[in-house]
file input.txt (compact mmCIF, C-alpha atoms and all ligand atoms)
# COMPACT_ATOMS: atom_id res chain seq x y z
CA MET A 34 -83.47 80.91 -84.33
CA PRO A 35 -84.99 79.52 -81.09
CA ASP A 36 -83.96 81.05 -77.76
CA VAL A 37 -82.13 78.31 -75.77
CA VAL A 38 -83.16 79.78 -72.40
CA GLU A 39 -86.83 79.73 -73.48
CA LEU A 40 -86.50 76.06 -74.52
CA ILE A 41 -84.97 75.18 -71.14
CA ILE A 42 -87.72 77.08 -69.28
CA THR A 43 -90.47 75.38 -71.32
CA LYS A 44 -89.13 71.94 -70.43
CA ARG A 45 -88.42 72.94 -66.81
CA ASP A 46 -92.06 73.96 -66.41
CA GLY A 47 -93.38 70.70 -67.88
CA GLY A 48 -94.16 71.95 -71.37
CA HIS A 49 -93.43 70.20 -74.65
CA LEU A 50 -90.92 71.29 -77.26
CA ALA A 51 -91.70 71.39 -80.96
CA PRO A 52 -89.78 68.75 -82.96
CA ASN A 53 -87.97 71.46 -84.96
CA ASP A 54 -86.79 73.20 -81.79
CA LEU A 55 -85.37 69.91 -80.46
CA ARG A 56 -83.67 69.23 -83.79
CA TRP A 57 -82.16 72.71 -83.73
CA LEU A 58 -80.95 72.28 -80.13
CA VAL A 59 -79.19 68.96 -80.86
CA GLN A 60 -77.61 70.33 -84.02
CA ALA A 61 -76.43 73.53 -82.35
CA TYR A 62 -74.98 71.58 -79.38
CA THR A 63 -73.17 69.13 -81.68
CA HIS A 64 -71.57 72.08 -83.49
CA ASP A 65 -70.51 73.77 -80.23
CA GLU A 66 -73.02 76.60 -80.70
CA VAL A 67 -74.79 75.79 -77.42
CA PRO A 68 -72.49 75.47 -74.38
CA ASP A 69 -72.36 72.48 -72.01
CA TYR A 70 -73.95 74.44 -69.14
CA GLN A 71 -77.12 75.18 -71.12
CA MET A 72 -77.34 71.65 -72.49
CA SER A 73 -76.87 70.29 -68.95
CA ALA A 74 -79.79 72.40 -67.75
CA PHE A 75 -81.92 71.12 -70.61
CA LEU A 76 -80.96 67.48 -69.93
CA MET A 77 -81.84 67.82 -66.25
CA ALA A 78 -85.20 69.39 -67.14
CA ALA A 79 -85.85 66.52 -69.60
CA PHE A 80 -84.72 64.00 -66.97
CA ILE A 81 -87.19 65.36 -64.40
CA ARG A 82 -90.12 66.24 -66.66
CA GLY A 83 -89.73 63.43 -69.22
CA LEU A 84 -90.31 63.60 -72.98
CA ASN A 85 -93.50 62.72 -74.83
CA GLU A 86 -93.59 60.46 -77.89
CA ALA A 87 -93.15 63.27 -80.44
CA GLU A 88 -90.25 64.74 -78.46
CA MET A 89 -88.51 61.36 -78.15
CA ASP A 90 -88.89 60.69 -81.88
CA ALA A 91 -87.53 64.15 -82.73
CA LEU A 92 -84.60 63.82 -80.29
CA THR A 93 -83.70 60.37 -81.65
CA ASP A 94 -83.98 61.58 -85.23
CA ALA A 95 -81.82 64.63 -84.57
CA MET A 96 -79.13 62.53 -82.84
CA LEU A 97 -79.30 59.91 -85.63
CA HIS A 98 -78.85 62.54 -88.36
CA SER A 99 -76.01 64.30 -86.55
CA GLY A 100 -73.74 61.80 -88.37
CA ARG A 101 -73.68 59.26 -91.14
CA VAL A 102 -76.71 57.01 -91.56
CA LEU A 103 -75.77 53.80 -93.34
CA ASP A 104 -77.89 52.53 -96.18
CA LEU A 105 -77.33 48.79 -96.54
CA SER A 106 -80.27 48.24 -98.88
CA ASP A 107 -77.96 47.22 -101.74
CA LEU A 108 -76.76 44.22 -99.68
CA PRO A 109 -78.94 41.11 -99.93
CA GLY A 110 -81.15 39.91 -97.07
CA ARG A 111 -83.01 41.55 -94.22
CA LYS A 112 -80.37 42.75 -91.78
CA VAL A 113 -81.18 42.36 -88.09
CA ASP A 114 -79.28 43.48 -84.98
CA LYS A 115 -79.67 43.01 -81.23
CA HIS A 116 -79.03 45.45 -78.42
CA SER A 117 -78.68 44.58 -74.75
CA THR A 118 -79.17 47.24 -72.10
CA GLY A 119 -76.19 45.75 -70.25
CA GLY A 120 -75.51 43.21 -67.57
CA VAL A 121 -72.91 41.06 -65.83
CA GLY A 122 -71.54 38.06 -67.75
CA ASP A 123 -73.64 39.11 -70.74
CA LYS A 124 -71.58 37.70 -73.61
CA VAL A 125 -74.68 36.92 -75.71
CA SER A 126 -73.64 39.16 -78.66
CA LEU A 127 -70.40 37.20 -79.18
CA ILE A 128 -72.40 34.02 -79.75
CA LEU A 129 -75.52 35.50 -81.29
CA ALA A 130 -74.06 37.57 -84.14
CA PRO A 131 -72.11 34.75 -85.86
CA LEU A 132 -74.90 32.29 -85.01
CA VAL A 133 -77.63 34.33 -86.69
CA ALA A 134 -75.35 35.04 -89.67
CA ALA A 135 -74.63 31.30 -90.02
CA CYS A 136 -78.40 30.77 -90.26
CA GLY A 137 -78.67 33.22 -93.17
CA VAL A 138 -79.57 36.58 -91.60
CA PRO A 139 -76.91 39.32 -91.93
CA VAL A 140 -75.94 41.04 -88.67
CA PRO A 141 -74.39 44.55 -88.81
CA MET A 142 -73.43 45.20 -85.19
CA ILE A 143 -72.05 48.39 -83.64
CA SER A 144 -71.29 47.78 -79.97
CA GLY A 145 -70.21 49.73 -76.93
CA ARG A 146 -67.66 49.44 -74.15
CA GLY A 147 -68.24 48.42 -70.55
CA LEU A 148 -70.21 50.92 -68.50
CA GLY A 149 -70.02 50.95 -64.69
CA HIS A 150 -70.27 47.41 -63.36
CA THR A 151 -71.53 46.02 -66.71
CA GLY A 152 -69.34 44.60 -69.46
CA GLY A 153 -69.20 45.78 -73.08
CA THR A 154 -69.03 43.69 -76.25
CA LEU A 155 -66.26 45.87 -77.68
CA ASP A 156 -63.91 45.21 -74.72
CA LYS A 157 -64.67 41.49 -74.98
CA LEU A 158 -63.89 41.36 -78.71
CA GLU A 159 -60.69 43.35 -78.25
CA SER A 160 -59.44 40.79 -75.71
CA ILE A 161 -58.85 38.50 -78.71
CA PRO A 162 -55.21 39.17 -79.69
CA GLY A 163 -54.98 41.29 -82.85
CA LEU A 164 -58.73 41.76 -83.37
CA ARG A 165 -59.67 45.21 -84.63
CA THR A 166 -63.02 46.87 -84.02
CA ASP A 167 -62.20 50.23 -85.63
CA LEU A 168 -63.04 49.29 -89.21
CA SER A 169 -63.94 51.99 -91.70
CA ILE A 170 -67.53 52.15 -92.90
CA GLU A 171 -66.33 50.79 -96.26
CA ALA A 172 -64.64 47.79 -94.59
CA PHE A 173 -67.79 47.29 -92.45
CA ARG A 174 -69.94 47.07 -95.61
CA ARG A 175 -67.46 44.78 -97.39
CA GLN A 176 -67.27 42.33 -94.50
CA LEU A 177 -71.04 42.29 -94.07
CA ARG A 178 -71.43 41.45 -97.76
CA GLU A 179 -68.78 38.72 -97.67
CA LEU A 180 -69.38 37.12 -94.26
CA GLY A 181 -72.85 38.26 -93.19
CA VAL A 182 -71.49 39.47 -89.85
CA VAL A 183 -69.35 42.36 -88.67
CA MET A 184 -68.88 43.75 -85.16
CA ILE A 185 -67.31 47.17 -84.67
CA GLY A 186 -67.32 50.11 -82.24
CA GLN A 187 -69.05 53.45 -82.66
CA THR A 188 -67.02 55.56 -85.10
CA ASP A 189 -66.72 59.37 -85.10
CA GLU A 190 -69.08 59.33 -88.05
CA ILE A 191 -71.95 57.51 -86.31
CA ALA A 192 -74.25 59.65 -84.10
CA PRO A 193 -71.63 62.19 -82.92
CA ALA A 194 -74.38 64.00 -80.98
CA ASP A 195 -74.79 60.91 -78.79
CA ARG A 196 -71.08 60.76 -78.04
CA LYS A 197 -71.15 64.36 -76.81
CA LEU A 198 -74.47 64.12 -75.01
CA TYR A 199 -73.57 60.81 -73.36
CA ALA A 200 -70.32 62.24 -71.97
CA LEU A 201 -72.27 65.22 -70.60
CA ARG A 202 -75.01 63.01 -69.09
CA ASP A 203 -72.34 60.87 -67.46
CA VAL A 204 -71.12 63.83 -65.37
CA THR A 205 -74.44 65.61 -64.76
CA GLY A 206 -76.50 62.86 -63.13
CA THR A 207 -78.75 62.44 -66.17
CA ILE A 208 -77.99 58.88 -67.31
CA GLU A 209 -80.92 56.96 -65.80
CA SER A 210 -83.69 58.56 -67.83
CA ILE A 211 -85.78 56.22 -69.99
CA PRO A 212 -86.36 58.71 -72.86
CA LEU A 213 -82.70 59.80 -72.88
CA ILE A 214 -81.43 56.20 -72.77
CA ALA A 215 -83.83 55.16 -75.55
CA ALA A 216 -82.87 58.09 -77.80
CA SER A 217 -79.17 57.40 -77.16
CA ILE A 218 -79.41 53.68 -77.97
CA LEU A 219 -81.62 54.14 -81.01
CA SER A 220 -79.63 56.99 -82.54
CA LYS A 221 -76.78 54.48 -82.90
CA LYS A 222 -78.85 51.42 -83.76
CA LEU A 223 -80.87 53.19 -86.46
CA ALA A 224 -77.63 54.56 -87.98
CA GLU A 225 -76.07 51.15 -88.61
CA GLY A 226 -78.53 50.18 -91.35
CA ALA A 227 -80.36 47.20 -89.77
CA ASP A 228 -83.90 46.56 -91.06
CA ALA A 229 -85.18 45.18 -87.76
CA LEU A 230 -84.05 45.16 -84.13
CA VAL A 231 -84.25 42.87 -81.10
CA PHE A 232 -83.76 44.32 -77.61
CA ASP A 233 -82.64 42.41 -74.56
CA VAL A 234 -83.79 44.62 -71.70
CA LYS A 235 -82.05 43.46 -68.55
CA CYS A 236 -83.90 43.73 -65.28
CA GLY A 237 -82.67 43.27 -61.71
CA ARG A 238 -79.86 44.35 -59.41
CA GLY A 239 -77.12 43.71 -62.01
CA ALA A 240 -78.92 45.89 -64.60
CA PHE A 241 -79.39 49.64 -64.99
CA MET A 242 -83.16 49.08 -64.66
CA GLN A 243 -83.54 47.39 -61.29
CA GLN A 244 -87.34 47.51 -61.10
CA GLU A 245 -89.43 45.45 -63.50
CA ALA A 246 -91.86 48.34 -64.10
CA ASP A 247 -88.97 50.58 -65.30
CA ALA A 248 -87.53 47.82 -67.48
CA ARG A 249 -90.96 47.32 -69.07
CA ARG A 250 -91.27 51.04 -69.77
CA LEU A 251 -87.80 51.07 -71.36
CA ALA A 252 -88.70 48.05 -73.53
CA GLU A 253 -91.95 49.70 -74.66
CA THR A 254 -90.10 52.95 -75.40
CA LEU A 255 -87.34 51.24 -77.43
CA VAL A 256 -89.77 49.16 -79.46
CA GLY A 257 -92.08 52.16 -79.94
CA ILE A 258 -89.37 54.49 -81.30
CA ALA A 259 -87.90 51.75 -83.54
CA THR A 260 -91.31 50.84 -84.95
CA ARG A 261 -92.25 54.45 -85.66
CA ALA A 262 -88.88 54.80 -87.44
CA GLY A 263 -89.94 51.94 -89.73
CA ARG A 264 -87.94 49.13 -88.08
CA PRO A 265 -89.98 46.20 -86.75
CA ALA A 266 -88.72 45.40 -83.25
CA VAL A 267 -89.19 42.92 -80.42
CA ALA A 268 -88.00 43.21 -76.81
CA TRP A 269 -87.35 40.51 -74.24
CA LEU A 270 -87.21 41.33 -70.56
CA THR A 271 -84.56 39.05 -69.04
CA ASP A 272 -83.46 38.56 -65.46
CA MET A 273 -80.15 40.14 -64.40
CA ASN A 274 -80.06 39.45 -60.67
CA VAL A 275 -77.43 36.72 -61.08
CA PRO A 276 -74.50 36.77 -63.58
CA LEU A 277 -75.32 35.19 -66.93
CA GLY A 278 -73.27 32.04 -67.54
CA ARG A 279 -70.21 31.37 -65.39
CA ALA A 280 -67.54 33.70 -66.77
CA VAL A 281 -67.30 37.43 -66.04
CA GLY A 282 -64.53 39.54 -67.61
CA ASN A 283 -63.43 40.01 -71.19
CA TRP A 284 -61.24 37.04 -72.18
CA PRO A 285 -62.95 34.64 -69.70
CA GLU A 286 -66.24 35.52 -71.45
CA VAL A 287 -64.70 34.88 -74.89
CA VAL A 288 -63.56 31.44 -73.65
CA GLU A 289 -67.08 30.65 -72.41
CA SER A 290 -68.59 31.90 -75.68
CA LEU A 291 -66.32 29.56 -77.62
CA ARG A 292 -67.71 26.63 -75.60
CA ALA A 293 -71.24 27.71 -76.46
CA LEU A 294 -70.30 28.16 -80.13
CA ARG A 295 -68.96 24.59 -80.14
CA GLY A 296 -72.24 23.24 -78.74
CA ASP A 297 -70.94 22.49 -75.22
CA PHE A 298 -73.78 23.86 -73.05
CA GLU A 299 -72.97 22.18 -69.71
CA GLY A 300 -73.36 24.59 -66.79
CA ILE A 301 -74.22 27.52 -69.09
CA GLU A 302 -77.82 26.61 -69.84
CA ASP A 303 -78.99 30.10 -68.78
CA LEU A 304 -76.71 31.75 -71.35
CA ILE A 305 -77.94 29.38 -74.05
CA GLU A 306 -81.59 29.98 -73.13
CA VAL A 307 -81.27 33.76 -73.57
CA THR A 308 -79.13 33.42 -76.72
CA LEU A 309 -81.58 31.05 -78.43
CA ALA A 310 -84.62 33.18 -77.51
CA LEU A 311 -83.00 36.25 -79.08
CA ALA A 312 -81.68 34.28 -82.06
CA GLY A 313 -85.19 32.92 -82.69
CA GLU A 314 -86.57 36.46 -82.85
CA MET A 315 -83.78 37.63 -85.18
CA LEU A 316 -84.27 34.71 -87.56
CA TRP A 317 -88.01 35.33 -87.58
CA LEU A 318 -87.59 39.07 -88.18
CA GLY A 319 -84.94 38.27 -90.82
CA GLY A 320 -87.46 36.13 -92.70
CA VAL A 321 -85.70 32.75 -92.50
CA ALA A 322 -87.99 31.24 -89.82
CA GLU A 323 -91.79 31.08 -89.84
CA THR A 324 -92.00 31.77 -86.11
CA PRO A 325 -89.57 32.78 -83.34
CA GLU A 326 -89.87 29.22 -81.96
CA ALA A 327 -88.86 27.75 -85.33
CA GLY A 328 -85.97 30.24 -85.31
CA ARG A 329 -84.79 28.88 -81.96
CA ARG A 330 -84.64 25.36 -83.40
CA LEU A 331 -82.61 26.55 -86.41
CA ALA A 332 -80.24 28.39 -84.10
CA ARG A 333 -79.73 25.42 -81.78
CA ALA A 334 -78.79 23.26 -84.78
CA ALA A 335 -76.21 25.84 -85.96
CA LEU A 336 -74.58 25.82 -82.52
CA THR A 337 -74.38 22.05 -82.27
CA ASP A 338 -73.18 21.35 -85.83
CA GLY A 339 -70.26 23.82 -85.73
CA ARG A 340 -71.56 26.38 -88.27
CA ALA A 341 -71.74 29.18 -85.70
CA PHE A 342 -68.19 28.44 -84.49
CA GLU A 343 -66.87 28.50 -88.06
CA ARG A 344 -68.55 31.84 -88.71
CA PHE A 345 -67.11 33.29 -85.51
CA CYS A 346 -63.58 32.19 -86.54
CA ALA A 347 -64.09 33.67 -90.03
CA MET A 348 -65.17 36.98 -88.47
CA VAL A 349 -62.17 37.04 -86.10
CA ARG A 350 -59.81 36.29 -89.01
CA ALA A 351 -61.39 39.00 -91.18
CA GLN A 352 -60.96 41.55 -88.39
CA GLY A 353 -57.26 40.70 -87.91
CA GLY A 354 -57.64 38.47 -84.83
CA ASP A 355 -55.48 35.45 -84.00
CA VAL A 356 -57.66 32.40 -84.66
CA ARG A 357 -55.04 29.92 -83.39
CA VAL A 358 -55.71 31.06 -79.81
CA LEU A 359 -59.41 30.24 -80.33
CA GLU A 360 -58.62 26.57 -80.91
CA ARG A 361 -57.15 26.08 -77.41
CA PRO A 362 -58.18 29.24 -75.52
CA GLU A 363 -57.38 27.82 -72.07
CA THR A 364 -53.66 27.70 -72.95
CA ARG A 365 -53.26 31.48 -73.41
CA PRO A 366 -50.05 32.21 -71.43
CA ASP A 367 -51.11 35.57 -69.95
CA ALA A 368 -54.38 34.14 -68.57
CA GLU A 369 -53.04 32.18 -65.59
CA PRO A 370 -55.43 32.03 -62.60
CA ALA A 371 -54.39 34.24 -59.67
CA GLY A 372 -56.28 32.27 -57.03
CA GLU A 373 -59.46 30.56 -55.96
CA VAL A 374 -62.35 31.32 -53.64
CA ARG A 375 -63.43 28.38 -51.47
CA ALA A 376 -66.55 27.76 -49.40
CA PRO A 377 -65.70 28.42 -45.74
CA ASP A 378 -66.10 25.94 -42.89
CA GLY A 379 -69.66 25.54 -41.69
CA ILE A 380 -71.17 26.09 -45.14
CA ARG A 381 -73.18 23.03 -46.18
CA GLY A 382 -76.23 22.98 -48.39
CA TYR A 383 -76.81 25.09 -51.47
CA VAL A 384 -75.91 28.40 -53.04
CA ALA A 385 -79.07 30.42 -52.37
CA ASP A 386 -78.13 33.63 -54.19
CA LEU A 387 -75.28 35.47 -55.93
CA ASP A 388 -75.41 39.25 -56.34
CA ALA A 389 -74.69 40.15 -59.99
CA ARG A 390 -73.94 43.80 -59.19
CA ALA A 391 -71.32 42.85 -56.57
CA VAL A 392 -69.75 40.36 -58.99
CA GLY A 393 -69.69 42.99 -61.75
CA ARG A 394 -68.05 45.50 -59.43
CA LEU A 395 -65.46 42.93 -58.39
CA ALA A 396 -64.67 42.19 -62.05
CA VAL A 397 -63.95 45.90 -62.55
CA HIS A 398 -61.55 45.86 -59.58
CA LEU A 399 -59.85 42.71 -60.90
CA GLY A 400 -59.03 44.83 -63.97
CA ALA A 401 -61.80 43.84 -66.40
CA GLY A 402 -63.47 47.28 -66.42
CA ARG A 403 -62.72 50.94 -65.87
CA ARG A 404 -62.92 52.65 -62.48
CA VAL A 405 -62.27 55.98 -64.24
CA LYS A 406 -62.64 56.70 -67.96
CA GLU A 407 -58.89 56.63 -68.62
CA ASP A 408 -58.28 53.20 -66.97
CA PRO A 409 -56.79 50.61 -69.32
CA VAL A 410 -58.69 47.32 -69.38
CA ASP A 411 -56.83 44.10 -68.55
CA PRO A 412 -58.10 41.71 -71.26
CA THR A 413 -57.60 38.52 -69.24
CA ALA A 414 -58.89 39.75 -65.86
CA GLY A 415 -62.14 38.39 -64.50
CA LEU A 416 -63.53 35.30 -62.83
CA VAL A 417 -65.15 31.96 -63.49
CA LEU A 418 -67.92 30.83 -61.16
CA HIS A 419 -67.94 27.13 -60.29
CA ARG A 420 -70.97 27.43 -58.01
CA LYS A 421 -74.13 29.37 -58.86
CA PRO A 422 -77.56 29.55 -57.19
CA GLY A 423 -79.08 26.09 -56.92
CA ASP A 424 -75.71 24.28 -56.88
CA PRO A 425 -74.87 22.12 -53.83
CA VAL A 426 -71.94 23.30 -51.71
CA ALA A 427 -69.74 21.91 -48.92
CA PRO A 428 -66.78 23.37 -46.96
CA GLY A 429 -63.65 23.71 -49.11
CA ASP A 430 -65.49 23.53 -52.45
CA VAL A 431 -64.08 25.92 -55.05
CA LEU A 432 -66.70 28.61 -55.63
CA ALA A 433 -64.75 30.56 -58.22
CA THR A 434 -61.40 31.07 -59.94
CA LEU A 435 -60.06 34.63 -60.08
CA TYR A 436 -57.93 36.08 -62.88
CA THR A 437 -56.09 39.31 -62.14
CA HIS A 438 -52.71 40.95 -62.40
CA ARG A 439 -53.44 42.90 -59.18
CA ARG A 440 -52.26 39.96 -57.10
CA ASP A 441 -51.33 42.10 -54.10
CA ARG A 442 -55.08 42.58 -53.49
CA LEU A 443 -56.06 38.93 -53.90
CA GLU A 444 -57.30 38.53 -50.35
CA ASP A 445 -59.65 41.55 -50.66
CA PHE A 446 -60.98 40.16 -53.92
CA GLN A 447 -61.61 36.74 -52.35
CA GLN A 448 -63.52 38.36 -49.46
CA ALA A 449 -65.55 40.52 -51.86
CA LEU A 450 -66.67 37.50 -53.87
CA LEU A 451 -67.55 35.51 -50.77
CA ALA A 452 -69.70 38.44 -49.61
CA ALA A 453 -71.67 38.28 -52.89
CA TYR A 454 -72.79 34.70 -52.12
CA ARG A 455 -75.65 33.57 -49.88
CA PHE A 456 -75.97 29.98 -48.74
CA ALA A 457 -78.93 27.97 -47.37
CA GLU A 458 -79.72 24.44 -46.29
CA THR A 459 -82.33 23.99 -48.99
CA PRO A 460 -82.11 24.84 -52.70
CA PRO A 461 -83.63 28.19 -53.74
CA PRO A 462 -86.80 28.18 -55.86
CA ALA A 463 -86.04 28.21 -59.61
CA ARG A 464 -86.19 31.74 -61.06
CA PRO A 465 -87.42 32.37 -64.59
CA LEU A 466 -84.81 33.97 -66.82
CA LEU A 467 -87.02 34.99 -69.74
CA LEU A 468 -89.50 37.25 -67.96
CA ALA A 469 -91.67 38.64 -70.75
CA ARG A 470 -91.77 39.42 -74.48
CA TYR A 471 -93.00 42.73 -75.93
CA ALA A 472 -93.98 43.08 -79.58
CA GLU A 473 -96.74 44.79 -81.56
CA GLY A 474 -97.90 46.68 -78.48
CA ARG A 475 -98.48 43.58 -76.34
CA TRP A 476 -96.69 41.85 -73.47
CA ARG A 477 -96.61 38.07 -73.33
CA THR A 478 -95.26 35.98 -70.45
CA PRO A 479 -93.59 32.74 -71.60
N1 LIG B 1 -76.43 52.76 -73.42
C1 LIG B 1 -76.44 53.77 -74.34
O1 LIG B 1 -76.00 53.60 -75.47
N2 LIG B 1 -76.96 54.94 -73.96
C2 LIG B 1 -77.48 55.18 -72.73
O2 LIG B 1 -77.94 56.26 -72.48
C3 LIG B 1 -77.44 54.12 -71.79
C4 LIG B 1 -76.92 52.91 -72.17

call {"tool": "encode", "arguments": {"input": "input.txt", "output": "structure tokens"}}
result
Amino acid sequence: MPDVVELIITKRDGGHLAPNDLRWLVQAYTHDEVPDYQMSAFLMAAFIRGLNEAEMDALTDAMLHSGRVLDLSDLPGRKVDKHSTGGVGDKVSLILAPLVAACGVPVPMISGRGLGHTGGTLDKLESIPGLRTDLSIEAFRRQLRELGVVMIGQTDEIAPADRKLYALRDVTGTIESIPLIAASILSKKLAEGADALVFDVKCGRGAFMQQEADARRLAETLVGIATRAGRPAVAWLTDMNVPLGRAVGNWPEVVESLRALRGDFEGIEDLIEVTLALAGEMLWLGGVAETPEAGRRLARAALTDGRAFERFCAMVRAQGGDVRVLERPETRPDAEPAGEVRAPDGIRGYVADLDARAVGRLAVHLGAGRRVKEDPVDPTAGLVLHRKPGDPVAPGDVLATLYTHRRDRLEDFQQALLAAYRFAETPPPARPLLLARYAEGRWRTP
């Protein structure tokens, strides 16, 4: 049996651990045979010294096999999933999963909750009245077979080592490590049974990776581990300096997703651009499109002809959600606006910038996220932006609508949003949203 202190010292001093030692460590920690204080020391050593390729593969594999690994090979089709590293207004999964399924590629998706200032797909889905995300593995398989799409949360059976390690990293300052993030993400994604993966690696002040060089390294690491585990993978680096789309918050993002699923793209062209780029890759990897570009065209058609919307409704119905509210989402009685934010006097010209991190933080305070782990999430809290960078603005124009049940703090919220905006007399230069694509060991700039 390896000596835990020796393993910690080896990593602390910049050495490399043998794959079997790492596997043993993860297994022993998962079974409470190694205490939190020793695992914390190991995580900090790994955070500072890094992990090489063999160590990352072994760590991922050990975390993956700490729980159930789904085998979906008896279900027809090449299954493909997408993972986003997290952003503000990032509701892409809600549109993408039913869209790709409607085009013939099954999507088995296990999603997470909001983290810090970023939103989580699970919280967004659960804002739909009645919708359940805690399906059993058997129900997950059945729905995937029948509908080609299923979206659930991480169960106790999937990668339990990650659950434990993630909670420990969260309180020991060891989250922002590329190898640890990659092993954490992939231990869950490889467990869900997808044959291929697409990563949306967010980059900018609203993302966990603020520097492009770090985001590129994370993308290379994710694709590298997935490929070595036998899953073809592609990563897109996408800009996350400004919120994606116009809605931020759980139900507001569902409402915006429904517009996209019905083919109404006005004012949300950025959201559609990212969604179609990722859909194109998934349809290509899933074998129904000759190229990613051909996949984008197939996906656009499924958004505009209503197939994606129908598939979304079928998924909501199958998971116990109320589909009637999806027909006229703006009439939901508990989603009344609390107030507006208007452009002050003296502001004339254009919106020059809007800080995604500040908007994400505000959404948390409005009730859409958790300030501490135990906080309940208010499903309808959030905001809708009526002015984004590049839009003209004049005094009194409505910049945003706020949704919150914390109405006693409305004035603070209005000030906070105003502080996230910058204005200028001339329009800002256009910023690319799709920054670069990484596949087969090469970067390509679109
Ligand atoms: N998301 C994860 O699943 N794990 C991390 O470590 C960071 C983001």

call {"tool": "closest_atom_pairs", "arguments": {"input": "input.txt", "of": "stretch 270-338 of chain A", "to": "stretch 424-439 of chain A", "cutoff": "10 Å", "atoms": "all atoms listed in the file", "output": "Markdown table"}}
result
| residue | atom | partner | partner_atom | distance |
| --- | --- | --- | --- | --- |
| A:Arg279 | CA | A:Ala433 | CA | 9.0 |
| A:Ala280 | CA | A:Ala433 | CA | 9.5 |
| A:Val281 | CA | A:Leu435 | CA | 9.8 |
| A:Gly282 | CA | A:Tyr436 | CA | 8.8 |
| A:Trp284 | CA | A:Tyr436 | CA | 9.9 |
| A:Pro285 | CA | A:Tyr436 | CA | 8.6 |

call {"tool": "closest_atom_pairs", "arguments": {"input": "input.txt", "of": "chain A", "to": "ligand LIG 1 (chain B)", "cutoff": "6 Å", "atoms": "only C-alpha atoms and all ligand atoms", "output": "tab-separated table"}}
result
residue	atom	partner	partner_atom	distance
A:Ile208	CA	B:LIG1	O2	5.8
A:Leu213	CA	B:LIG1	O2	5.9
A:Ile214	CA	B:LIG1	O2	3.5
A:Ser217	CA	B:LIG1	N2	4.6
A:Ile218	CA	B:LIG1	O1	4.2

call {"tool": "residues_around", "arguments": {"input": "input.txt", "residues": "stretch 79-85 of chain A", "least_positions_apart": "5", "cutoff": "9 Å", "atoms": "only C-alpha atoms", "output": "ChimeraX atom specification"}}
result
/A:41,44-50,74,90,207-213

call {"tool": "write_last_selection", "arguments": {"input": "input.txt", "atoms": "C-alpha atoms", "output": "compact mmCIF listing (two decimals), in the coordinates of the input"}}
result
# COMPACT_ATOMS: atom_id res chain seq x y z
CA ILE A 41 -84.97 75.18 -71.14
CA LYS A 44 -89.13 71.94 -70.43
CA ARG A 45 -88.42 72.94 -66.81
CA ASP A 46 -92.06 73.96 -66.41
CA GLY A 47 -93.38 70.70 -67.88
CA GLY A 48 -94.16 71.95 -71.37
CA HIS A 49 -93.43 70.20 -74.65
CA LEU A 50 -90.92 71.29 -77.26
CA ALA A 74 -79.79 72.40 -67.75
CA ASP A 90 -88.89 60.69 -81.88
CA THR A 207 -78.75 62.44 -66.17
CA ILE A 208 -77.99 58.88 -67.31
CA GLU A 209 -80.92 56.96 -65.80
CA SER A 210 -83.69 58.56 -67.83
CA ILE A 211 -85.78 56.22 -69.99
CA PRO A 212 -86.36 58.71 -72.86
CA LEU A 213 -82.70 59.80 -72.88

call {"tool": "residues_around", "arguments": {"input": "input.txt", "residues": "A:Leu395", "least_positions_apart": "6", "cutoff": "12 Å", "atoms": "all atoms listed in the file", "output": "PyMOL selection string"}}
result
chain A and resi 121+149-152+281-282+388-389+401-404+414-416+435-437+442-443+445-453

call {"tool": "residues_around", "arguments": {"input": "input.txt", "residues": "stretch 109-116 of chain A", "least_positions_apart": "4", "cutoff": "7 Å", "atoms": "only C-alpha atoms", "output": "list in words"}}
result
Val138, Pro139, Val140, Pro141, Met142, Ala227, Asp228, Ala229, Leu230, Val231, Phe232, Asp233, Met315 and Gly319 of chain A

call {"tool": "residues_around", "arguments": {"input": "input.txt", "residues": "A:Arg249", "least_positions_apart": "3", "cutoff": "9 Å", "atoms": "all atoms listed in the file", "output": "PyMOL selection string"}}
result
chain A and resi 234+236+244-246+252-254+270+469+471

call {"tool": "residues_around", "arguments": {"input": "input.txt", "residues": "stretch 364-366 of chain A", "least_positions_apart": "5", "cutoff": "10 Å", "atoms": "only C-alpha atoms", "output": "list in words"}}
result
Trp284, Val358, Leu359 and Thr413 of chain A

call {"tool": "atom_distance", "arguments": {"input": "input.txt", "atom1": "atom CA of A:Leu294", "atom2": "atom CA of A:Leu336"}}
result
5.4 Å
